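Colleague: Please find data.cif (mmCIF, C-alpha atoms) on the next line:
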```cif
data_input
#
loop_
_atom_site.group_PDB
_atom_site.id
_atom_site.type_symbol
_atom_site.label_atom_id
_atom_site.label_comp_id
_atom_site.auth_asym_id
_atom_site.auth_seq_id
_atom_site.Cartn_x
_atom_site.Cartn_y
_atom_site.Cartn_z
ATOM 1 C CA MET A 1 -21.784 9.293 -10.178
ATOM 2 C CA PRO A 2 -20.058 6.825 -12.541
ATOM 3 C CA ALA A 3 -16.384 6.047 -12.103
ATOM 4 C CA PRO A 4 -14.126 7.839 -14.593
ATOM 5 C CA ALA A 5 -12.576 5.821 -17.383
ATOM 6 C CA PRO A 6 -8.808 5.674 -17.930
ATOM 7 C CA ARG A 7 -7.471 8.540 -20.020
ATOM 8 C CA SER A 8 -6.469 7.894 -23.620
ATOM 9 C CA SER A 9 -2.875 8.669 -22.656
ATOM 10 C CA GLY A 10 -2.739 5.338 -20.817
ATOM 11 C CA VAL A 11 -2.622 6.906 -17.347
ATOM 12 C CA VAL A 12 -4.862 4.928 -14.999
ATOM 13 C CA ILE A 13 -7.230 7.084 -12.945
ATOM 14 C CA PRO A 14 -8.211 5.558 -9.584
ATOM 15 C CA ARG A 15 -11.910 4.739 -9.287
ATOM 16 C CA LEU A 16 -14.037 7.205 -7.326
ATOM 17 C CA LEU A 17 -16.766 6.213 -4.905
ATOM 18 C CA PRO A 18 -20.479 7.030 -5.506
ATOM 19 C CA TRP A 19 -22.199 8.835 -2.645
ATOM 20 C CA ARG A 20 -24.239 5.770 -1.637
ATOM 21 C CA ARG A 21 -21.096 3.739 -1.114
ATOM 22 C CA ARG A 22 -19.493 6.619 0.798
ATOM 23 C CA ILE A 23 -22.387 6.417 3.253
ATOM 24 C CA LEU A 24 -21.916 2.650 3.470
ATOM 25 C CA ALA A 25 -18.183 3.148 4.102
ATOM 26 C CA SER A 26 -19.016 5.445 7.022
ATOM 27 C CA ALA A 27 -21.380 2.822 8.452
ATOM 28 C CA VAL A 28 -18.770 0.072 8.112
ATOM 29 C CA ALA A 29 -16.124 2.243 9.808
ATOM 30 C CA LEU A 30 -18.525 3.006 12.664
ATOM 31 C CA PHE A 31 -19.279 -0.706 13.101
ATOM 32 C CA PHE A 32 -15.582 -1.552 13.321
ATOM 33 C CA ARG A 33 -14.922 1.301 15.756
ATOM 34 C CA LEU A 34 -17.590 -0.073 18.059
ATOM 35 C CA CYS A 35 -16.156 -3.591 17.761
ATOM 36 C CA MET A 36 -12.615 -2.368 18.450
ATOM 37 C CA LYS A 37 -13.698 -0.909 21.765
ATOM 38 C CA THR A 38 -14.607 -4.425 22.907
ATOM 39 C CA TRP A 39 -11.526 -6.276 21.641
ATOM 40 C CA ARG A 40 -8.904 -7.412 24.152
ATOM 41 C CA CYS A 41 -5.639 -6.764 22.321
ATOM 42 C CA VAL A 42 -2.098 -7.808 23.276
ATOM 43 C CA TRP A 43 1.091 -6.920 21.395
ATOM 44 C CA LYS A 44 3.593 -9.806 21.645
ATOM 45 C CA ASP A 45 6.807 -7.978 20.548
ATOM 46 C CA THR A 46 8.177 -11.064 18.802
ATOM 47 C CA GLY A 47 10.601 -9.168 16.543
ATOM 48 C CA ASP A 48 13.774 -7.195 17.212
ATOM 49 C CA ASN A 49 12.968 -3.790 15.740
ATOM 50 C CA SER A 50 15.490 -1.764 17.727
ATOM 51 C CA ARG A 51 17.219 -0.718 14.467
ATOM 52 C CA ALA A 52 14.020 -0.110 12.503
ATOM 53 C CA GLN A 53 13.291 3.529 13.252
ATOM 54 C CA ALA A 54 10.372 5.223 11.512
ATOM 55 C CA PRO A 55 9.497 5.606 8.771
ATOM 56 C CA VAL A 56 9.176 1.917 7.906
ATOM 57 C CA ILE A 57 7.247 -0.243 5.437
ATOM 58 C CA PHE A 58 4.727 -2.456 7.225
ATOM 59 C CA CYS A 59 4.007 -5.784 5.545
ATOM 60 C CA ILE A 60 0.503 -7.103 6.336
ATOM 61 C CA TRP A 61 -1.463 -9.999 4.849
ATOM 62 C CA HIS A 62 -4.599 -8.773 3.086
ATOM 63 C CA ASN A 63 -6.943 -10.942 5.150
ATOM 64 C CA HIS A 64 -5.587 -9.482 8.438
ATOM 65 C CA LEU A 65 -6.199 -5.865 7.443
ATOM 66 C CA VAL A 66 -8.998 -5.161 9.947
ATOM 67 C CA LEU A 67 -6.854 -6.084 12.954
ATOM 68 C CA ALA A 68 -3.913 -4.173 11.512
ATOM 69 C CA VAL A 69 -5.967 -0.968 11.408
ATOM 70 C CA ALA A 70 -7.112 -1.586 14.975
ATOM 71 C CA SER A 71 -3.513 -1.866 16.195
ATOM 72 C CA TYR A 72 -2.372 1.473 14.805
ATOM 73 C CA ASP A 73 -3.454 3.996 17.450
ATOM 74 C CA ASP A 74 -2.771 1.811 20.494
ATOM 75 C CA HIS A 75 0.468 0.097 19.485
ATOM 76 C CA VAL A 76 2.121 1.155 16.231
ATOM 77 C CA VAL A 77 2.206 4.918 16.877
ATOM 78 C CA ASN A 78 3.770 4.423 20.308
ATOM 79 C CA LYS A 79 6.336 1.921 19.078
ATOM 80 C CA TRP A 80 7.555 3.506 15.837
ATOM 81 C CA ARG A 81 6.513 7.156 16.342
ATOM 82 C CA GLU A 82 6.268 8.077 12.672
ATOM 83 C CA LYS A 83 4.490 11.201 11.449
ATOM 84 C CA GLY A 84 1.572 9.124 10.229
ATOM 85 C CA LEU A 85 0.597 6.071 8.220
ATOM 86 C CA VAL A 86 -0.221 5.829 4.524
ATOM 87 C CA THR A 87 -1.746 2.666 3.060
ATOM 88 C CA MET A 88 -1.403 1.183 -0.417
ATOM 89 C CA VAL A 89 -4.896 0.467 -1.793
ATOM 90 C CA SER A 90 -6.031 -0.863 -5.174
ATOM 91 C CA ALA A 91 -7.202 1.614 -7.838
ATOM 92 C CA SER A 92 -10.327 -0.530 -8.389
ATOM 93 C CA ASN A 93 -13.913 -0.024 -7.180
ATOM 94 C CA ASP A 94 -13.253 -2.242 -4.162
ATOM 95 C CA GLY A 95 -10.114 -0.221 -3.448
ATOM 96 C CA ALA A 96 -12.125 3.006 -3.530
ATOM 97 C CA PHE A 97 -14.459 1.588 -0.878
ATOM 98 C CA LEU A 98 -11.562 0.411 1.297
ATOM 99 C CA ALA A 99 -9.830 3.806 0.977
ATOM 100 C CA ALA A 100 -13.046 5.510 2.139
ATOM 101 C CA VAL A 101 -13.242 3.221 5.194
ATOM 102 C CA LEU A 102 -9.581 3.828 6.053
ATOM 103 C CA ALA A 103 -10.071 7.585 5.727
ATOM 104 C CA ARG A 104 -12.595 7.386 8.583
ATOM 105 C CA PHE A 105 -9.688 6.180 10.742
ATOM 106 C CA GLY A 106 -7.462 9.076 9.681
ATOM 107 C CA LEU A 107 -5.345 6.973 7.290
ATOM 108 C CA ARG A 108 -4.308 8.287 3.896
ATOM 109 C CA ALA A 109 -4.403 5.976 0.874
ATOM 110 C CA ILE A 110 -2.167 5.614 -2.164
ATOM 111 C CA ARG A 111 -4.199 4.115 -5.003
ATOM 112 C CA GLY A 112 -2.421 1.430 -6.994
ATOM 113 C CA SER A 113 -1.396 -2.240 -7.192
ATOM 114 C CA THR A 114 0.753 -4.581 -9.262
ATOM 115 C CA SER A 115 -1.947 -4.759 -11.943
ATOM 116 C CA ARG A 116 -3.089 -1.120 -12.063
ATOM 117 C CA ARG A 117 -1.160 2.108 -11.538
ATOM 118 C CA GLY A 118 1.721 0.244 -9.880
ATOM 119 C CA PRO A 119 4.696 2.468 -10.888
ATOM 120 C CA GLN A 120 2.864 5.699 -9.988
ATOM 121 C CA ALA A 121 1.844 4.263 -6.623
ATOM 122 C CA LEU A 122 5.419 3.237 -5.789
ATOM 123 C CA LEU A 123 6.677 6.746 -6.599
ATOM 124 C CA GLU A 124 4.002 8.266 -4.347
ATOM 125 C CA ALA A 125 4.892 5.832 -1.549
ATOM 126 C CA ALA A 126 8.582 6.736 -1.814
ATOM 127 C CA ARG A 127 7.689 10.435 -1.503
ATOM 128 C CA TRP A 128 5.615 9.788 1.632
ATOM 129 C CA LEU A 129 8.499 7.839 3.166
ATOM 130 C CA ARG A 130 10.838 10.766 2.538
ATOM 131 C CA LYS A 131 8.351 12.977 4.412
ATOM 132 C CA GLY A 132 8.578 10.694 7.459
ATOM 133 C CA TYR A 133 5.343 8.728 6.990
ATOM 134 C CA SER A 134 5.329 4.946 7.257
ATOM 135 C CA ILE A 135 3.676 2.866 4.528
ATOM 136 C CA ALA A 136 1.420 -0.169 5.037
ATOM 137 C CA ILE A 137 1.278 -2.665 2.163
ATOM 138 C CA THR A 138 -0.677 -5.894 1.711
ATOM 139 C CA PRO A 139 1.762 -7.629 -0.669
ATOM 140 C CA ASP A 140 -0.639 -10.440 -1.572
ATOM 141 C CA GLY A 141 -3.438 -8.056 -2.580
ATOM 142 C CA PRO A 142 -5.605 -7.047 -4.235
ATOM 143 C CA ARG A 143 -6.394 -10.435 -5.814
ATOM 144 C CA GLY A 144 -3.832 -12.898 -4.493
ATOM 145 C CA PRO A 145 -2.633 -15.552 -4.412
ATOM 146 C CA ALA A 146 -3.241 -15.314 -0.675
ATOM 147 C CA CYS A 147 -0.187 -15.131 1.600
ATOM 148 C CA GLN A 148 2.287 -14.884 -1.273
ATOM 149 C CA ILE A 149 4.613 -11.883 -1.486
ATOM 150 C CA GLN A 150 4.587 -9.864 -4.697
ATOM 151 C CA GLU A 151 7.651 -7.847 -5.585
ATOM 152 C CA GLY A 152 6.297 -4.311 -5.256
ATOM 153 C CA ILE A 153 7.089 -4.085 -1.539
ATOM 154 C CA LEU A 154 10.693 -5.123 -2.208
ATOM 155 C CA PHE A 155 11.130 -2.510 -4.947
ATOM 156 C CA LEU A 156 9.823 0.172 -2.567
ATOM 157 C CA ALA A 157 12.261 -0.898 0.165
ATOM 158 C CA GLN A 158 15.109 -0.877 -2.357
ATOM 159 C CA VAL A 159 14.495 2.596 -3.777
ATOM 160 C CA SER A 160 13.629 4.188 -0.417
ATOM 161 C CA GLY A 161 16.285 2.550 1.750
ATOM 162 C CA ARG A 162 13.657 1.920 4.465
ATOM 163 C CA PRO A 163 13.189 -1.464 6.194
ATOM 164 C CA ILE A 164 10.238 -3.812 5.805
ATOM 165 C CA VAL A 165 8.629 -4.755 9.136
ATOM 166 C CA PRO A 166 6.472 -7.925 9.077
ATOM 167 C CA ILE A 167 3.235 -7.503 11.051
ATOM 168 C CA SER A 168 0.569 -10.130 11.703
ATOM 169 C CA SER A 169 -2.209 -10.946 14.132
ATOM 170 C CA PHE A 170 -4.525 -13.606 15.482
ATOM 171 C CA ALA A 171 -8.128 -13.300 16.645
ATOM 172 C CA ARG A 172 -9.597 -16.138 18.673
ATOM 173 C CA TRP A 173 -13.183 -15.264 17.741
ATOM 174 C CA LYS A 174 -13.826 -14.198 14.157
ATOM 175 C CA ILE A 175 -15.671 -14.866 10.940
ATOM 176 C CA ARG A 176 -14.104 -15.498 7.533
ATOM 177 C CA LEU A 177 -15.702 -13.926 4.493
ATOM 178 C CA PRO A 178 -16.135 -16.000 1.286
ATOM 179 C CA SER A 179 -13.469 -13.972 -0.549
ATOM 180 C CA TRP A 180 -10.316 -15.091 -2.363
ATOM 181 C CA ASP A 181 -8.255 -14.688 0.850
ATOM 182 C CA ARG A 182 -10.912 -15.711 3.404
ATOM 183 C CA PHE A 183 -10.854 -12.166 4.820
ATOM 184 C CA GLN A 184 -10.988 -12.199 8.617
ATOM 185 C CA VAL A 185 -13.353 -10.059 10.687
ATOM 186 C CA PRO A 186 -12.917 -10.339 14.488
ATOM 187 C CA LEU A 187 -16.196 -10.420 16.375
ATOM 188 C CA PRO A 188 -17.057 -8.252 19.378
ATOM 189 C CA PHE A 189 -15.153 -9.116 22.571
ATOM 190 C CA ALA A 190 -12.579 -11.164 20.644
ATOM 191 C CA LYS A 191 -9.134 -11.683 22.144
ATOM 192 C CA CYS A 192 -6.576 -10.401 19.632
ATOM 193 C CA GLU A 193 -2.821 -10.906 19.529
ATOM 194 C CA TYR A 194 -0.300 -8.956 17.454
ATOM 195 C CA TYR A 195 3.097 -10.159 16.277
ATOM 196 C CA ASP A 196 5.983 -8.449 14.526
ATOM 197 C CA GLY A 197 9.080 -9.866 12.849
ATOM 198 C CA ASP A 198 12.662 -8.710 12.462
ATOM 199 C CA PRO A 199 13.114 -5.911 9.915
ATOM 200 C CA ILE A 200 14.257 -6.812 6.409
ATOM 201 C CA TRP A 201 16.419 -4.383 4.449
ATOM 202 C CA VAL A 202 16.771 -4.450 0.647
ATOM 203 C CA PRO A 203 20.177 -3.094 -0.479
ATOM 204 C CA ARG A 204 20.076 -0.229 -2.981
ATOM 205 C CA HIS A 205 22.066 -2.276 -5.520
ATOM 206 C CA ALA A 206 20.164 -5.549 -5.015
ATOM 207 C CA THR A 207 19.875 -7.710 -8.121
ATOM 208 C CA GLU A 208 16.845 -9.672 -9.288
ATOM 209 C CA ALA A 209 18.320 -12.770 -7.629
ATOM 210 C CA ASP A 210 18.838 -10.831 -4.370
ATOM 211 C CA ARG A 211 15.227 -9.669 -4.410
ATOM 212 C CA GLN A 212 13.977 -13.196 -4.969
ATOM 213 C CA GLN A 213 15.949 -14.402 -1.944
ATOM 214 C CA LEU A 214 14.609 -11.544 0.168
ATOM 215 C CA ARG A 215 11.077 -12.168 -1.100
ATOM 216 C CA HIS A 216 11.338 -15.762 0.097
ATOM 217 C CA LYS A 217 12.790 -14.563 3.428
ATOM 218 C CA LEU A 218 9.931 -12.075 3.913
ATOM 219 C CA GLU A 219 7.315 -14.675 3.011
ATOM 220 C CA GLN A 220 8.779 -17.110 5.527
ATOM 221 C CA ALA A 221 8.917 -14.386 8.189
ATOM 222 C CA MET A 222 5.260 -13.516 7.615
ATOM 223 C CA ARG A 223 4.156 -17.120 7.812
ATOM 224 C CA ALA A 224 6.160 -17.631 11.001
ATOM 225 C CA ILE A 225 4.163 -14.915 12.798
ATOM 226 C CA THR A 226 0.768 -15.824 11.314
ATOM 227 C CA PRO A 227 -0.953 -18.536 13.380
ATOM 228 C CA ASP A 228 -3.768 -18.939 10.845
#
```
Can the structure in the file be given as structure tokens, please?
Modeller:
Amino acid sequence: MPAPAPRSSGVVIPRLLPWRRRILASAVALFFRLCMKTWRCVWKDTGDNSRAQAPVIFCIWHNHLVLAVASYDDHVVNKWREKGLVTMVSASNDGAFLAAVLARFGLRAIRGSTSRRGPQALLEAARWLRKGYSIAITPDGPRGPACQIQEGILFLAQVSGRPIVPISSFARWKIRLPSWDRFQVPLPFAKCEYYDGDPIWVPRHATEADRQQLRHKLEQAMRAITPD
């Protein structure tokens, strides 16, 4: 089934996934579930999140996404106790595949990025936050530059009034894919460590200069808890 084209009105329609790729997404999700059962995971609690009650906006580097998904059931739910987690995923073909994989883990997806369907995606994310669901965003995706914060996550924090919580991880045994961000895939029986940073709040009346300062602060916080 071919992906639908954007409507003439200018509204971007997220790409749909052909049935063959849906089967592949199920196989990939099963592979990662089996791997996760062998990982030895430790949450380091490096940030002071005593004031960051759910719902929150999780900030995750794109190339650490696999470990972030693995941490959700065992660590994130118990620590923040939100109603659920919604992820921001590109409206592209690759985003459709990723959304299908995440769905196998019970995670909803909002389709959009800075380049496609960005404003609609931010409005949807704000509505989910009001319902009590936390949002996970990879602010350097979907195409990079790697480990550089784009402004969408700051706009969402500003309009929603919810804090940004930096999250990162480290796997001692992994492979790196030949992608733009050297996407990391932990191997079976890998030892995995999780780190979080202090929450960052964006005031409702923040100016462009304020957001730039907070963007730099968030980028520094993410790099401080990312060993590689």
Colleague: Ranking A:Leu65, A:Ile149, A:Leu30, A:Ile200 by minimum distance to A:Arg182 and counting all atoms listed in the file, which one comes first?
Modeller: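 So, comparing all the options, the nearest one is A:Leu65.
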Colleague: Between A:Val28, A:Val76, A:Val86, A:Leu122, which has the minimum distance to A:Gln53 (counting all atoms listed in the file)?
Modeller: A:Val76
Colleague: Enumerate, as a PDB file with C-alpha atoms, keeping the file's coordinate frame, the residues matched when the PyMOL selection byres ((chain A and resi 184) around 8) is run on the file above.
Modeller:
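The resulting file, selection_19.pdb, is shown below:
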```pdb
ATOM      1  CA  ASN A  63      -6.943 -10.942   5.150  1.00  0.00           C
ATOM      2  CA  HIS A  64      -5.587  -9.482   8.438  1.00  0.00           C
ATOM      3  CA  VAL A  66      -8.998  -5.161   9.947  1.00  0.00           C
ATOM      4  CA  LYS A 174     -13.826 -14.198  14.157  1.00  0.00           C
ATOM      5  CA  ILE A 175     -15.671 -14.866  10.940  1.00  0.00           C
ATOM      6  CA  ARG A 176     -14.104 -15.498   7.533  1.00  0.00           C
ATOM      7  CA  LEU A 177     -15.702 -13.926   4.493  1.00  0.00           C
ATOM      8  CA  ARG A 182     -10.912 -15.711   3.404  1.00  0.00           C
ATOM      9  CA  PHE A 183     -10.854 -12.166   4.820  1.00  0.00           C
ATOM     10  CA  VAL A 185     -13.353 -10.059  10.687  1.00  0.00           C
ATOM     11  CA  PRO A 186     -12.917 -10.339  14.488  1.00  0.00           C
TER      12      PRO A 186
END
```
Colleague: May I ask for the distance between atom CA of A:Ser169 and atom CA of A:Glu193, given in Å to one decimal place?
Modeller: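 Going from atom CA of A:Ser169 over to atom CA of A:Glu193 covers 5.4 Å.
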Colleague: Choose the residue, out of A:Trp180, A:Phe97, A:Phe155, A:Trp61, that has the smallest atom-to-atom separation from A:Gln212; count only C-alpha atoms.
Modeller: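 Using only C-alpha atoms, the shortest distance to A:Gln212 belongs to A:Phe155.
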Colleague: At a cut-off of 9 Å, using only C-alpha atoms, what residues contact stretch 217-220 of chain A? Leave out same-chain residues fewer than 6 positions from it and give the result as a PDB file with C-alpha atoms, keeping the file's coordinate frame.
Modeller:
```pdb
ATOM      1  CA  CYS A  59       4.007  -5.784   5.545  1.00  0.00           C
ATOM      2  CA  CYS A 147      -0.187 -15.131   1.600  1.00  0.00           C
ATOM      3  CA  GLN A 148       2.287 -14.884  -1.273  1.00  0.00           C
ATOM      4  CA  ILE A 149       4.613 -11.883  -1.486  1.00  0.00           C
ATOM      5  CA  ILE A 164      10.238  -3.812   5.805  1.00  0.00           C
ATOM      6  CA  PRO A 166       6.472  -7.925   9.077  1.00  0.00           C
ATOM      7  CA  ILE A 200      14.257  -6.812   6.409  1.00  0.00           C
TER       8      ILE A 200
END
```
Colleague: Select, from A:Thr38, A:Thr87, A:Asn49, A:Gln158, the residue with the minimum atom-to-atom distance to A:Phe189, counting only C-alpha atoms.
Modeller: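 Looking at the shortest contact to A:Phe189, the residue is A:Thr38.
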Colleague: So which residues fall inside 10 Å of (-3.0, 2.6, -7.5) if we count all atoms listed in the file? Mind giving them as a list of chain:residue names?
Modeller: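 With a cut-off of 10 Å, the residues come to A:Val12, A:Ile13, A:Pro14, A:Arg15, A:Met88, A:Val89, A:Ser90, A:Ala91, A:Ser92, A:Gly95, A:Ala96, A:Ala109, A:Ile110, A:Arg111, A:Gly112, A:Ser113, A:Thr114, A:Ser115, A:Arg116, A:Arg117, A:Gly118, A:Pro119, A:Gln120, A:Ala121, A:Leu122, A:Glu124.
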Colleague: Tell me which protein, DNA and RNA residues are within 10 Å of A:Phe58, counting all atoms listed in the file, leaving out same-chain ones fewer than 5 positions away, and put them as a list in words.
Modeller: Ala68, Leu85, Thr87, Ser134, Ile135, Ala136, Ile137, Thr138, Pro139, Ile153, Pro163, Ile164, Val165, Pro166, Ile167, Ser168, Asp196 and Pro199 of chain A
Colleague: Only C-alpha atoms, please: the residues just picked out, written as an mmCIF file, in the frame of the given file.
Modeller:
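The result, written out as again02.cif:
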```cif
data_model
loop_
_atom_site.group_PDB
_atom_site.id
_atom_site.type_symbol
_atom_site.label_atom_id
_atom_site.label_comp_id
_atom_site.auth_asym_id
_atom_site.auth_seq_id
_atom_site.Cartn_x
_atom_site.Cartn_y
_atom_site.Cartn_z
ATOM 1 C CA ALA A 68 -3.913 -4.173 11.512
ATOM 2 C CA LEU A 85 0.597 6.071 8.220
ATOM 3 C CA THR A 87 -1.746 2.666 3.060
ATOM 4 C CA SER A 134 5.329 4.946 7.257
ATOM 5 C CA ILE A 135 3.676 2.866 4.528
ATOM 6 C CA ALA A 136 1.420 -0.169 5.037
ATOM 7 C CA ILE A 137 1.278 -2.665 2.163
ATOM 8 C CA THR A 138 -0.677 -5.894 1.711
ATOM 9 C CA PRO A 139 1.762 -7.629 -0.669
ATOM 10 C CA ILE A 153 7.089 -4.085 -1.539
ATOM 11 C CA PRO A 163 13.189 -1.464 6.194
ATOM 12 C CA ILE A 164 10.238 -3.812 5.805
ATOM 13 C CA VAL A 165 8.629 -4.755 9.136
ATOM 14 C CA PRO A 166 6.472 -7.925 9.077
ATOM 15 C CA ILE A 167 3.235 -7.503 11.051
ATOM 16 C CA SER A 168 0.569 -10.130 11.703
ATOM 17 C CA ASP A 196 5.983 -8.449 14.526
ATOM 18 C CA PRO A 199 13.114 -5.911 9.915
#
```
Colleague: Could you pull the residues within 9 Å of A:Arg130, counting all atoms listed in the file, minus those fewer than 5 positions along the same chain, as JSON, numbers by chain?
Modeller: {"A": [55, 125, 160]}
Colleague: Take the residues from that selection and write them out as a PDB file, in the coordinates of the input, keeping C-alpha atoms.
Modeller:
```
ATOM      1  CA  PRO A  55       9.497   5.606   8.771  1.00  0.00           C
ATOM      2  CA  ALA A 125       4.892   5.832  -1.549  1.00  0.00           C
ATOM      3  CA  SER A 160      13.629   4.188  -0.417  1.00  0.00           C
TER       4      SER A 160
END
```
Colleague: What is the distance between atom CA of A:Ser71 and atom CA of A:Pro18, in Å to one decimal?
Modeller: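 Between atom CA of A:Ser71 and atom CA of A:Pro18 the gap is 28.9 Å.
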Colleague: Quick one: pull the distance between atom CA of A:Leu123 and atom CA of A:Ala157, Å, one decimal.
Modeller: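 So the two atoms, atom CA of A:Leu123 and atom CA of A:Ala157, lie 11.6 Å apart.
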Colleague: I'd like to know which of A:Ala52, A:Ala29, A:Ile60, A:Ala70 is closest to A:Arg104, using all atoms listed in the file.
Modeller: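 Closest candidate: A:Ala29.
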Colleague: Using the chain letters and numbers from the file, give me the residues hit by the PyMOL selection byres ((chain A and resi 192) around 8), as a ChimeraX atom specification.
Modeller: /A:39-42,67,169-172,190-191,193-194
Colleague: Can you spell out as a PyMOL selection string the set of residues that the PyMOL selection byres ((chain A and resi 203-205) around 7) selects in the structure I just provided?
Modeller: chain A and resi 158-159+161+201-202+206-207
